[in-house]
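Asker: The structure file coords39.txt (compact mmCIF, C-alpha atoms) is provided below.
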# COMPACT_ATOMS: atom_id res chain seq x y z
CA MET Z 708 -47.79 14.65 -4.25
CA LYS Z 709 -48.84 17.19 -6.95
CA ARG Z 710 -49.98 20.62 -5.85
CA ILE Z 711 -53.72 21.10 -6.41
CA THR Z 712 -55.13 24.63 -6.66
CA PHE Z 713 -58.83 25.21 -6.01
CA LYS Z 714 -60.53 28.26 -7.56
CA LEU Z 715 -63.49 28.27 -5.23
CA SER Z 716 -65.25 31.16 -6.86
CA SER Z 717 -65.71 29.24 -10.10
CA LEU Z 718 -66.75 25.93 -8.61
CA LYS Z 719 -70.29 24.75 -8.49
CA LEU Z 720 -71.60 23.41 -5.17
CA LYS Z 721 -71.38 19.79 -6.35
CA THR Z 722 -67.75 20.26 -7.36
CA LEU Z 723 -66.99 21.97 -4.03
CA LYS Z 724 -68.37 19.01 -2.10
CA LEU Z 725 -66.30 16.59 -4.16
CA SER Z 726 -63.14 18.65 -3.72
CA THR Z 727 -63.70 18.92 0.04
CA LEU Z 728 -64.11 15.15 0.24
CA SER Z 729 -60.92 14.65 -1.78
CA LEU Z 730 -59.02 16.97 0.55
CA ALA Z 731 -60.33 15.09 3.60
CA LEU Z 732 -59.26 11.77 2.08
CA CYS Z 733 -55.84 13.24 1.40
CA LEU Z 734 -55.49 14.23 5.06
CA VAL Z 735 -56.59 10.78 6.22
CA ALA Z 736 -54.08 9.15 3.88
CA SER Z 737 -51.30 11.29 5.33
CA SER Z 738 -52.29 10.70 9.00
CA PRO Z 739 -49.94 7.72 9.60
CA ALA Z 740 -47.01 10.07 9.00
CA ILE Z 741 -48.50 12.58 11.42
CA TYR Z 742 -49.05 9.80 14.00
CA ALA Z 743 -45.48 8.58 13.56
CA GLN Z 744 -44.19 12.09 14.29
CA ASN Z 745 -46.28 12.28 17.47
CA THR Z 746 -45.11 8.85 18.58
CA SER Z 747 -41.51 9.79 17.90
CA ALA Z 748 -41.92 12.90 20.02
CA THR Z 749 -42.83 10.79 23.06
CA SER Z 750 -39.97 8.34 22.59
CA ILE Z 751 -36.44 9.07 23.78
CA SER Z 752 -33.10 7.32 23.54
CA VAL Z 753 -31.19 6.85 26.79
CA LYS Z 754 -27.60 5.74 27.19
CA THR Z 755 -26.88 3.06 29.81
CA GLU Z 756 -23.73 1.22 30.84
CA THR Z 757 -24.83 -1.78 28.78
CA GLY Z 758 -26.11 -0.01 25.66
CA ASN Z 759 -28.82 2.41 24.60
CA ILE Z 760 -32.46 1.91 25.49
CA GLN Z 761 -35.64 3.43 24.03
CA VAL Z 762 -38.21 4.89 26.43
CA LYS Z 763 -41.66 5.44 24.99
CA THR Z 764 -44.84 6.86 26.51
CA ILE Z 765 -47.63 4.36 25.88
CA ALA Z 766 -50.42 5.70 28.12
CA GLN Z 767 -51.27 8.87 29.99
CA GLY Z 768 -54.31 10.61 31.45
CA LEU Z 769 -54.06 8.61 34.70
CA GLU Z 770 -53.70 9.80 38.31
CA ASN Z 771 -51.24 8.50 40.92
CA VAL Z 772 -50.94 5.00 39.51
CA TRP Z 773 -49.86 2.48 42.18
CA GLY Z 774 -50.02 -1.02 40.71
CA MET Z 775 -50.13 -2.68 37.32
CA ALA Z 776 -50.62 -6.23 36.09
CA PHE Z 777 -50.69 -7.57 32.52
CA LEU Z 778 -53.75 -9.43 31.29
CA PRO Z 779 -53.33 -12.36 28.86
CA ASP Z 780 -54.35 -10.25 25.85
CA GLY Z 781 -51.53 -7.76 26.48
CA SER Z 782 -53.73 -5.09 28.07
CA MET Z 783 -52.88 -3.73 31.49
CA LEU Z 784 -54.88 -3.65 34.69
CA VAL Z 785 -53.88 -0.50 36.59
CA THR Z 786 -54.83 0.98 39.95
CA GLU Z 787 -55.08 4.68 40.75
CA ARG Z 788 -54.61 5.50 44.41
CA ALA Z 789 -57.69 7.74 44.46
CA GLY Z 790 -59.82 4.61 44.13
CA ARG Z 791 -60.09 3.68 40.47
CA MET Z 792 -59.08 0.52 38.64
CA ARG Z 793 -58.90 0.62 34.85
CA ILE Z 794 -57.93 -1.52 31.90
CA VAL Z 795 -55.42 0.12 29.57
CA SER Z 796 -55.26 -1.49 26.14
CA ALA Z 797 -51.99 -2.67 24.59
CA ALA Z 798 -52.25 0.38 22.33
CA GLY Z 799 -52.49 2.67 25.36
CA LYS Z 800 -56.21 3.47 25.37
CA VAL Z 801 -57.35 4.17 28.93
CA GLY Z 802 -60.65 2.54 29.77
CA GLU Z 803 -63.42 3.70 32.09
CA PRO Z 804 -63.12 2.83 35.80
CA LEU Z 805 -64.17 -0.70 36.71
CA THR Z 806 -67.23 -1.08 38.92
CA GLY Z 807 -67.48 -3.27 41.99
CA LEU Z 808 -64.65 -2.04 44.25
CA PRO Z 809 -65.16 -2.12 48.04
CA PRO Z 810 -65.23 1.06 50.19
CA LEU Z 811 -61.79 2.72 50.37
CA TYR Z 812 -59.95 5.14 52.63
CA ALA Z 813 -58.35 7.30 49.92
CA LYS Z 814 -56.37 9.85 51.90
CA GLY Z 815 -52.67 10.49 52.38
CA GLN Z 816 -50.76 7.42 51.21
CA GLY Z 817 -53.91 5.32 51.34
CA GLY Z 818 -56.38 4.27 48.68
CA LEU Z 819 -56.37 1.60 45.99
CA LEU Z 820 -52.90 0.08 45.92
CA ASP Z 821 -51.44 -3.10 44.38
CA VAL Z 822 -53.04 -5.58 41.98
CA VAL Z 823 -52.04 -9.08 40.82
CA LEU Z 824 -53.72 -11.81 38.79
CA ALA Z 825 -54.56 -15.08 40.50
CA PRO Z 826 -52.20 -17.91 39.46
CA ASP Z 827 -55.21 -19.63 37.86
CA PHE Z 828 -56.54 -16.45 36.23
CA ALA Z 829 -56.91 -18.14 32.83
CA SER Z 830 -59.73 -20.27 34.25
CA SER Z 831 -60.92 -18.36 37.34
CA LYS Z 832 -60.68 -14.74 36.07
CA LYS Z 833 -59.80 -13.75 39.64
CA ILE Z 834 -57.69 -10.75 40.51
CA TYR Z 835 -56.33 -9.83 43.96
CA PHE Z 836 -55.85 -6.24 45.06
CA SER Z 837 -54.80 -4.35 48.18
CA TYR Z 838 -56.35 -1.16 49.50
CA SER Z 839 -56.84 1.00 52.57
CA GLU Z 840 -59.96 -0.28 54.28
CA PRO Z 841 -61.96 2.07 56.54
CA ALA Z 842 -63.56 0.80 59.70
CA GLU Z 843 -67.33 0.67 59.69
CA GLY Z 844 -69.74 3.17 61.21
CA ASP Z 845 -68.53 5.96 63.48
CA ALA Z 846 -64.95 4.67 63.42
CA SER Z 847 -64.50 5.37 59.70
CA GLU Z 848 -61.30 7.39 60.31
CA LEU Z 849 -59.67 4.17 61.51
CA ASN Z 850 -58.22 2.16 58.67
CA SER Z 851 -55.78 -0.57 57.69
CA THR Z 852 -54.49 -2.45 54.68
CA ALA Z 853 -56.84 -5.10 53.32
CA VAL Z 854 -56.75 -7.56 50.42
CA SER Z 855 -59.72 -8.82 48.43
CA PHE Z 856 -60.23 -10.88 45.31
CA ALA Z 857 -62.91 -10.51 42.67
CA THR Z 858 -63.83 -11.98 39.31
CA LEU Z 859 -63.01 -9.73 36.36
CA ASN Z 860 -65.95 -9.67 33.95
CA GLY Z 861 -65.48 -7.06 31.23
CA ASN Z 862 -65.50 -3.73 33.04
CA LYS Z 863 -66.97 -5.17 36.23
CA LEU Z 864 -65.58 -6.75 39.38
CA GLU Z 865 -67.93 -9.45 40.62
CA ASN Z 866 -68.06 -11.93 43.52
CA LEU Z 867 -65.97 -9.69 45.76
CA SER Z 868 -64.41 -11.49 48.74
CA ARG Z 869 -62.04 -10.09 51.35
CA VAL Z 870 -59.23 -12.48 52.31
CA PHE Z 871 -57.17 -10.33 54.68
CA SER Z 872 -57.56 -7.27 56.92
CA GLN Z 873 -54.62 -5.86 58.87
CA GLN Z 874 -55.19 -5.61 62.61
CA PRO Z 875 -55.55 -3.31 64.42
CA LYS Z 876 -57.01 -0.42 62.47
CA ILE Z 877 -55.24 2.90 63.12
CA ASN Z 878 -56.14 6.56 62.62
CA SER Z 879 -53.34 7.23 60.15
CA GLY Z 880 -52.88 8.06 56.49
CA HIS Z 881 -49.35 6.64 56.30
CA HIS Z 882 -47.31 3.46 55.83
CA PHE Z 883 -49.73 0.97 54.32
CA GLY Z 884 -47.00 -1.17 52.70
CA SER Z 885 -49.15 -3.22 50.37
CA ARG Z 886 -47.14 -5.14 47.75
CA LEU Z 887 -48.65 -8.49 46.79
CA VAL Z 888 -46.44 -11.38 45.67
CA TRP Z 889 -47.36 -14.95 44.83
CA ALA Z 890 -44.94 -17.52 46.21
CA PRO Z 891 -44.02 -20.54 44.05
CA ASP Z 892 -46.24 -22.74 46.26
CA GLY Z 893 -49.34 -20.63 45.54
CA THR Z 894 -49.44 -18.77 48.84
CA LEU Z 895 -49.68 -14.98 48.89
CA PHE Z 896 -47.21 -12.62 50.58
CA ILE Z 897 -48.54 -9.22 51.70
CA THR Z 898 -46.20 -6.46 52.88
CA LEU Z 899 -47.57 -4.22 55.64
CA GLY Z 900 -46.37 -0.91 57.05
CA ASP Z 901 -46.08 0.15 60.68
CA ARG Z 902 -48.64 2.97 60.06
CA TYR Z 903 -45.96 5.52 61.10
CA SER Z 904 -47.41 6.24 64.56
CA GLU Z 905 -47.15 2.63 65.75
CA LYS Z 906 -43.53 1.75 64.97
CA ASP Z 907 -42.89 -0.08 68.26
CA SER Z 908 -45.63 -2.55 67.34
CA ALA Z 909 -43.40 -3.84 64.52
CA GLN Z 910 -41.53 -5.82 67.20
CA THR Z 911 -44.49 -7.66 68.73
CA LEU Z 912 -46.43 -10.64 67.41
CA ASP Z 913 -49.93 -9.61 68.55
CA ASN Z 914 -50.59 -7.36 65.55
CA HIS Z 915 -49.95 -7.06 61.79
CA LEU Z 916 -48.14 -3.70 61.95
CA GLY Z 917 -44.70 -3.63 60.33
CA LYS Z 918 -44.96 -7.23 59.18
CA VAL Z 919 -44.91 -9.48 56.15
CA VAL Z 920 -47.84 -11.88 56.26
CA ARG Z 921 -48.46 -15.05 54.26
CA ILE Z 922 -51.89 -16.48 53.51
CA ASN Z 923 -53.44 -19.08 51.25
CA ALA Z 924 -55.40 -17.89 48.22
CA ASP Z 925 -58.68 -18.32 50.13
CA GLY Z 926 -57.43 -16.30 53.11
CA SER Z 927 -56.69 -19.25 55.37
CA VAL Z 928 -53.37 -19.60 57.19
CA PRO Z 929 -50.66 -21.93 55.84
CA GLN Z 930 -49.77 -24.36 58.60
CA GLU Z 931 -46.06 -23.96 57.79
CA ASN Z 932 -46.09 -20.29 58.84
CA PRO Z 933 -43.42 -19.69 61.49
CA PHE Z 934 -45.65 -18.45 64.35
CA VAL Z 935 -48.67 -20.73 63.94
CA ASN Z 936 -47.90 -22.52 67.21
CA THR Z 937 -46.61 -19.47 69.13
CA ALA Z 938 -48.91 -18.40 71.95
CA GLY Z 939 -50.30 -14.90 71.47
CA ALA Z 940 -48.98 -14.54 67.92
CA LEU Z 941 -51.13 -13.80 64.89
CA PRO Z 942 -50.68 -16.88 62.69
CA GLU Z 943 -50.50 -14.99 59.37
CA ILE Z 944 -47.16 -13.38 60.33
CA TRP Z 945 -44.14 -14.34 58.23
CA SER Z 946 -41.51 -11.81 59.38
CA ILE Z 947 -41.37 -8.80 61.71
CA GLY Z 948 -39.47 -5.57 62.32
CA HIS Z 949 -40.36 -3.68 59.16
CA ARG Z 950 -41.17 -0.01 58.59
CA ASN Z 951 -42.94 0.42 55.24
CA MET Z 952 -42.36 -2.08 52.44
CA GLN Z 953 -43.61 -0.89 49.07
CA GLY Z 954 -41.62 -3.36 46.99
CA ALA Z 955 -41.43 -7.15 46.96
CA ALA Z 956 -40.51 -9.90 44.50
CA ILE Z 957 -39.50 -13.56 44.39
CA ASN Z 958 -35.85 -14.12 43.43
CA PRO Z 959 -36.14 -16.43 40.39
CA THR Z 960 -32.89 -18.25 41.25
CA SER Z 961 -33.33 -18.89 44.98
CA LYS Z 962 -37.19 -18.78 44.93
CA VAL Z 963 -36.98 -16.68 48.12
CA LEU Z 964 -38.90 -13.48 48.88
CA TRP Z 965 -37.04 -10.16 48.75
CA THR Z 966 -38.60 -6.96 50.12
CA GLY Z 967 -37.82 -3.27 49.67
CA GLU Z 968 -38.38 -0.96 52.61
CA HIS Z 969 -38.58 2.78 53.16
CA GLY Z 970 -36.23 3.94 55.90
CA PRO Z 971 -36.92 7.16 57.79
CA GLN Z 972 -34.38 9.89 56.94
CA GLY Z 973 -31.85 7.51 55.40
CA GLY Z 974 -31.72 3.76 55.66
CA ASP Z 975 -33.85 2.44 52.78
CA GLU Z 976 -33.32 -1.33 52.64
CA LEU Z 977 -33.49 -4.42 50.48
CA ASN Z 978 -33.95 -7.56 52.55
CA ILE Z 979 -33.96 -11.28 51.88
CA ASP Z 980 -37.20 -11.92 53.75
CA GLU Z 981 -37.23 -15.29 55.49
CA ALA Z 982 -39.69 -17.03 57.76
CA GLY Z 983 -39.69 -15.98 61.39
CA LYS Z 984 -36.86 -13.44 61.14
CA ASN Z 985 -36.70 -10.00 62.71
CA TYR Z 986 -35.52 -7.15 60.47
CA GLY Z 987 -34.93 -4.73 63.31
CA TRP Z 988 -37.21 -1.72 62.93
CA PRO Z 989 -37.32 0.45 65.03
CA VAL Z 990 -34.60 -1.02 67.27
CA ILE Z 991 -31.91 -0.90 64.57
CA THR Z 992 -31.80 1.29 61.47
CA TYR Z 993 -29.36 3.15 59.24
CA GLY Z 994 -31.69 6.16 59.24
CA GLU Z 995 -32.52 8.92 61.68
CA ASN Z 996 -35.56 10.95 62.68
CA TYR Z 997 -36.81 13.53 60.22
CA GLY Z 998 -34.87 16.68 61.03
CA GLY Z 999 -32.19 14.65 62.81
CA GLY Z 1000 -31.97 12.55 65.96
CA LYS Z 1001 -31.14 8.94 66.71
CA ILE Z 1002 -33.67 6.14 66.38
CA GLY Z 1003 -33.32 2.96 68.44
CA GLU Z 1004 -30.05 1.39 69.54
CA GLY Z 1005 -27.84 1.69 66.47
CA THR Z 1006 -27.36 -0.31 63.29
CA HIS Z 1007 -26.72 -3.84 64.62
CA LYS Z 1008 -28.17 -6.09 67.29
CA ALA Z 1009 -27.98 -9.83 67.91
CA GLY Z 1010 -31.02 -11.67 66.59
CA MET Z 1011 -31.86 -8.93 64.09
CA GLU Z 1012 -31.13 -9.16 60.37
CA GLN Z 1013 -28.94 -6.86 58.32
CA PRO Z 1014 -30.20 -5.60 54.94
CA VAL Z 1015 -28.64 -7.14 51.86
CA TYR Z 1016 -28.37 -3.58 50.51
CA LYS Z 1017 -29.11 -0.10 51.86
CA TRP Z 1018 -29.34 3.52 50.70
CA VAL Z 1019 -28.11 6.40 52.85
CA PRO Z 1020 -29.50 8.94 52.06
CA SER Z 1021 -32.87 7.48 51.16
CA ILE Z 1022 -34.07 7.19 47.58
CA ALA Z 1023 -37.65 6.18 48.57
CA THR Z 1024 -37.73 2.65 47.20
CA ALA Z 1025 -40.94 1.46 45.55
CA GLY Z 1026 -41.79 -1.53 43.36
CA PHE Z 1027 -39.07 -3.75 41.90
CA ILE Z 1028 -38.57 -6.87 39.79
CA PHE Z 1029 -35.91 -9.41 38.96
CA TYR Z 1030 -35.62 -9.16 35.20
CA THR Z 1031 -35.93 -12.57 33.47
CA GLY Z 1032 -36.87 -11.65 29.88
CA ASP Z 1033 -34.91 -12.11 26.67
CA LYS Z 1034 -35.04 -8.54 25.32
CA PHE Z 1035 -32.26 -7.35 27.63
CA PRO Z 1036 -29.89 -10.32 27.96
CA GLN Z 1037 -27.30 -8.08 29.63
CA TRP Z 1038 -29.83 -7.40 32.43
CA GLN Z 1039 -30.71 -11.04 33.13
CA ASN Z 1040 -31.42 -11.51 36.88
CA ASN Z 1041 -30.67 -7.85 37.59
CA ILE Z 1042 -33.01 -6.05 39.97
CA LEU Z 1043 -34.85 -3.10 38.46
CA LEU Z 1044 -36.22 -0.87 41.20
CA ALA Z 1045 -38.43 2.22 41.03
CA SER Z 1046 -37.54 5.21 43.18
CA LEU Z 1047 -39.98 7.90 44.24
CA LYS Z 1048 -37.82 10.58 45.86
CA GLU Z 1049 -34.85 10.27 43.51
CA LYS Z 1050 -37.09 9.80 40.44
CA THR Z 1051 -34.82 7.11 39.07
CA LEU Z 1052 -34.89 3.53 37.87
CA VAL Z 1053 -32.18 1.69 39.78
CA ARG Z 1054 -30.45 -1.30 38.18
CA LEU Z 1055 -28.73 -3.63 40.65
CA VAL Z 1056 -26.33 -6.36 39.54
CA LEU Z 1057 -26.18 -9.49 41.70
CA ASP Z 1058 -23.51 -12.06 42.41
CA GLY Z 1059 -25.50 -14.75 44.18
CA ASP Z 1060 -27.30 -12.91 46.97
CA LYS Z 1061 -24.84 -10.00 47.00
CA ILE Z 1062 -25.40 -6.76 45.12
CA ILE Z 1063 -22.14 -5.77 43.47
CA LYS Z 1064 -23.13 -2.82 41.27
CA GLU Z 1065 -25.72 -0.05 41.07
CA GLU Z 1066 -26.68 2.05 38.06
CA ARG Z 1067 -29.28 4.84 38.19
CA LEU Z 1068 -31.31 5.61 35.09
CA LEU Z 1069 -33.90 8.09 33.80
CA LYS Z 1070 -33.71 10.75 36.53
CA HIS Z 1071 -32.81 13.50 34.09
CA GLU Z 1072 -34.66 12.13 31.07
CA LEU Z 1073 -38.02 11.61 32.84
CA GLY Z 1074 -37.73 13.44 36.16
CA GLN Z 1075 -40.84 11.79 37.61
CA ARG Z 1076 -41.64 9.78 40.73
CA LEU Z 1077 -41.52 6.12 39.72
CA ARG Z 1078 -43.93 3.89 41.61
CA SER Z 1079 -43.77 0.49 39.96
CA VAL Z 1080 -41.82 -1.49 37.38
CA VAL Z 1081 -43.26 -4.54 35.62
CA GLN Z 1082 -41.88 -7.02 33.10
CA GLY Z 1083 -44.31 -7.43 30.22
CA PRO Z 1084 -45.17 -10.73 28.53
CA ASP Z 1085 -43.18 -9.40 25.56
CA GLY Z 1086 -40.01 -9.23 27.67
CA LEU Z 1087 -40.03 -5.43 27.64
CA ILE Z 1088 -40.04 -3.29 30.77
CA TYR Z 1089 -42.91 -1.06 31.86
CA LEU Z 1090 -42.76 1.82 34.34
CA VAL Z 1091 -45.62 3.65 36.03
CA THR Z 1092 -45.27 7.07 37.59
CA ASP Z 1093 -46.81 8.29 40.82
CA GLU Z 1094 -47.83 11.75 39.67
CA ALA Z 1095 -51.07 13.72 39.51
CA LYS Z 1096 -50.72 13.17 35.75
CA SER Z 1097 -49.35 9.63 35.70
CA LYS Z 1098 -47.89 7.95 32.64
CA ILE Z 1099 -46.98 4.41 31.66
CA TYR Z 1100 -43.64 4.05 29.90
CA GLN Z 1101 -42.31 1.15 27.85
CA ILE Z 1102 -38.56 0.46 27.81
CA SER Z 1103 -37.13 -1.45 24.85
CA PRO Z 1104 -33.64 -1.99 23.43
CA GLN Z 1105 -32.43 0.77 21.11
CA GLN Z 1106 -32.86 -0.34 17.52
CA SER Z 1107 -29.65 0.08 15.53
Please render this file's structure as structure tokens.
Answerer:
Amino acid sequence: MKRITFKLSSLKLKTLKLSTLSLALCLVASSPAIYAQNTSATSISVKTETGNIQVKTIAQGLENVWGMAFLPDGSMLVTERAGRMRIVSAAGKVGEPLTGLPPLYAKGQGGLLDVVLAPDFASSKKIYFSYSEPAEGDASELNSTAVSFATLNGNKLENLSRVFSQQPKINSGHHFGSRLVWAPDGTLFITLGDRYSEKDSAQTLDNHLGKVVRINADGSVPQENPFVNTAGALPEIWSIGHRNMQGAAINPTSKVLWTGEHGPQGGDELNIDEAGKNYGWPVITYGENYGGGKIGEGTHKAGMEQPVYKWVPSIATAGFIFYTGDKFPQWQNNILLASLKEKTLVRLVLDGDKIIKEERLLKHELGQRLRSVVQGPDGLIYLVTDEAKSKIYQISPQQS
């Protein structure tokens, strides 16, 4: 570009206006280069055991993001724990909060949590989401995990309908669980925490505390559920003996549910979560009380399941996926798991149902609490952070 010198003192007003316009147009014409520099500054290259990856910030200006689901147009539906749901465009523009949410208990670990599209979203426009539901009236400090669906209409949620409410409600701000996973048969799995103060209830069938439950899309109970005909049992229950499951996914090979569970001090678990089984909490665990001290009877007991994988010390497991896309062929059917405490993306290699290798990524490059990992429709990987200033990251293969 040639250098242009303006002698302002000799210019007439008309010429000055024209020159100012020309300068503005010059700046606009050069803005793509400026934008490219800014984009480059938020993109980093990271070495992994299977090759380099590119990690790019695609959205920010969010708060404590918990869940994310892709809409058909490539935009993202995201939840903020404080009680906001937004649509983030494919270009990363953060939309205004959606209207139409139910009342929330947004304290501690509670608030607006996971979100998934209905299997028939293309025609129904329904989304399902989990949240901490306060009791009504004077008992508003009592709360539990609930799940509702609504119709997404632009920036509004309409036709709100609650399909599940964990019982009983507890005065606690902890251990809501809350991952939502559609089973291949169209039923919905909901992971539920023990609420921290009620851990012994995870072993009994008269409540939803420390359980996985399974419902139909309309909230009714599938008649194949394992405790439907058990006297005194709540019929929604699928499995028992859990502490606080904040990750869940269907294994694409076996079509079976896997869940990820926070241990206490040590003892985070991955479990193959099957109908009617008891996963041991708080009778057996690989963890201990905060500050030390034994919990329960040890690590094994007849009739109680062992984890398929465990972490001692804890990494604070959060959302995870089985990767099935084509952009990372070397990661096919690997588990990608977000960690809160260790601020790392964990890659787990499977041989059948056994985990044979673990690689930890992004702790030093990002250094942020990772809440959820999602596979995009483009086969790329998306991470959300659980921070006061949350970001959404896109992971792609390193271009040679």
Asker: Looking at Z:Asn866, Z:Thr1092, Z:Ser885, Z:Gln873, which one is nearest to Leu820 of chain Z, with distances taken over all atoms listed in the file?
Answerer: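 Ranked by minimum distance to Leu820 of chain Z, first place goes to Z:Ser885.
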Asker: Counting only C-alpha atoms, which of Z:Tyr1030, Z:Tyr903, Z:Tyr986, Z:Trp773 gets nearest to Pro971 of chain Z?
Answerer: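 Closest to Pro971 of chain Z, using only C-alpha atoms: Z:Tyr903.
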Asker: For atom CA of Pro891 of chain Z and atom CA of Ala940 of chain Z, determine how far apart the two atoms are, in Å to one decimal place.
Answerer: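 So the answer is 25.1 Å.
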Asker: Considering only C-alpha atoms, state which residue in the set Z:Val1091, Z:Val1056, Z:Ile877, Z:Met952 is at the smallest distance from Gln1075 of chain Z.
Answerer: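 Comparing Z:Val1091, Z:Val1056, Z:Ile877, Z:Met952 against Gln1075 of chain Z, the winner is Z:Val1091.
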Asker: In Å, how far is it from atom CA of Leu1073 of chain Z to atom CA of Gly1032 of chain Z?
Answerer: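 Distance between the two atoms: 23.5 Å.
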Asker: Could you pull the residues within 7 Å of segment 776-779 of chain Z, counting all atoms listed in the file, minus those fewer than 4 positions along the same chain, as a list in words?
Answerer: Met783, Leu784, Val785, Val822, Val823, Leu824 and Gly1083 of chain Z
Asker: For the residues selected in the previous step, produce a file with C-alpha atoms as a short mmCIF file (atom, residue, chain, number, x, y, z; two decimals), in the coordinates of the input.
Answerer:
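Result file again09.cif:
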data_model
loop_
_atom_site.label_atom_id
_atom_site.label_comp_id
_atom_site.auth_asym_id
_atom_site.auth_seq_id
_atom_site.Cartn_x
_atom_site.Cartn_y
_atom_site.Cartn_z
CA MET Z 783 -52.88 -3.73 31.49
CA LEU Z 784 -54.88 -3.65 34.69
CA VAL Z 785 -53.88 -0.50 36.59
CA VAL Z 822 -53.04 -5.58 41.98
CA VAL Z 823 -52.04 -9.08 40.82
CA LEU Z 824 -53.72 -11.81 38.79
CA GLY Z 1083 -44.31 -7.43 30.22
#
Asker: Between Z:Ala982, Z:Val854, Z:Ile922, Z:Ile765, which has the minimum distance to Tyr1089 of chain Z (counting only C-alpha atoms)?
Answerer: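 Looking only at the distances to Tyr1089 of chain Z, the closest residue turns out to be Z:Ile765.
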Asker: For Ser1079 of chain Z, please output as a ChimeraX atom specification all residues within 8 Å (counting all atoms listed in the file; exclusion window: fewer than 4 positions along the same chain).
Answerer: /Z:773-775,1025-1027,1044-1045,1090-1092
Asker: As an exercise, work out the distance from atom CA of Ala924 of chain Z to atom CA of Leu867 of chain Z in Å and give it to one decimal place.
Answerer: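 Rounded to one decimal, the two atoms are 13.6 Å apart.
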Asker: List as a PyMOL selection string the protein and nucleic acid residues near segment 800-808 of chain Z, meaning an atom at most 12 Å away when only C-alpha atoms are counted, but skip any in the same chain fewer than 5 places from it.
Answerer: chain Z and resi 764-770+782-787+789-795+818-819+834-840+854-869+1097-1099
Asker: Residues near Leu912 of chain Z, anyone? I mean within 12 Å using only C-alpha atoms, not counting same-chain ones fewer than 3 positions away, as a list of chain:residue names.
Answerer: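 Listed by chain and then number, they are Z:Gln874, Z:Asp907, Z:Ser908, Z:Ala909, Z:His915, Z:Leu916, Z:Gly917, Z:Lys918, Z:Val919, Z:Val920, Z:Pro933, Z:Phe934, Z:Val935, Z:Asn936, Z:Thr937, Z:Ala938, Z:Gly939, Z:Ala940, Z:Leu941, Z:Pro942, Z:Glu943, Z:Ile944, Z:Trp945, Z:Ser946, Z:Ile947, Z:Gly948, Z:Gly983, Z:Lys984, Z:Asn985.
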Asker: With distances taken over all atoms listed in the file, which residue among Z:Ile1022, Z:Gly998, Z:Lys1096, Z:Asp901 lies nearest Asn771 of chain Z?
Answerer: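 Selected residue with least distance to Asn771 of chain Z: Z:Lys1096.
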Asker: List the spatial neighbours of Lys1001 of chain Z as a list of chain:residue names - criterion: any atom at most 12 Å away, only C-alpha atoms, same-chain residues fewer than 6 positions off excluded.
Answerer: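 The residues that qualify are Z:Pro971, Z:Gln972, Z:Gly973, Z:Pro989, Z:Val990, Z:Ile991, Z:Thr992, Z:Tyr993, Z:Gly994, Z:Glu995.
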Asker: So which one's closest to Ile760 of chain Z, Z:His1071, Z:Lys1050, Z:Arg1076, Z:Lys1034? Using all atoms listed in the file, please.
Answerer: Z:Lys1034
Asker: Return as JSON the centre and edge lengths, in Å with one decimal, of the box along x, y and z that encloses every atom of segment 940-950 of chain Z in the file, padded by 3 Å per side.
Answerer:
{"center_x": -45.3, "center_y": -8.4, "center_z": 63.1, "size_x": 17.7, "size_y": 22.9, "size_z": 15.7}
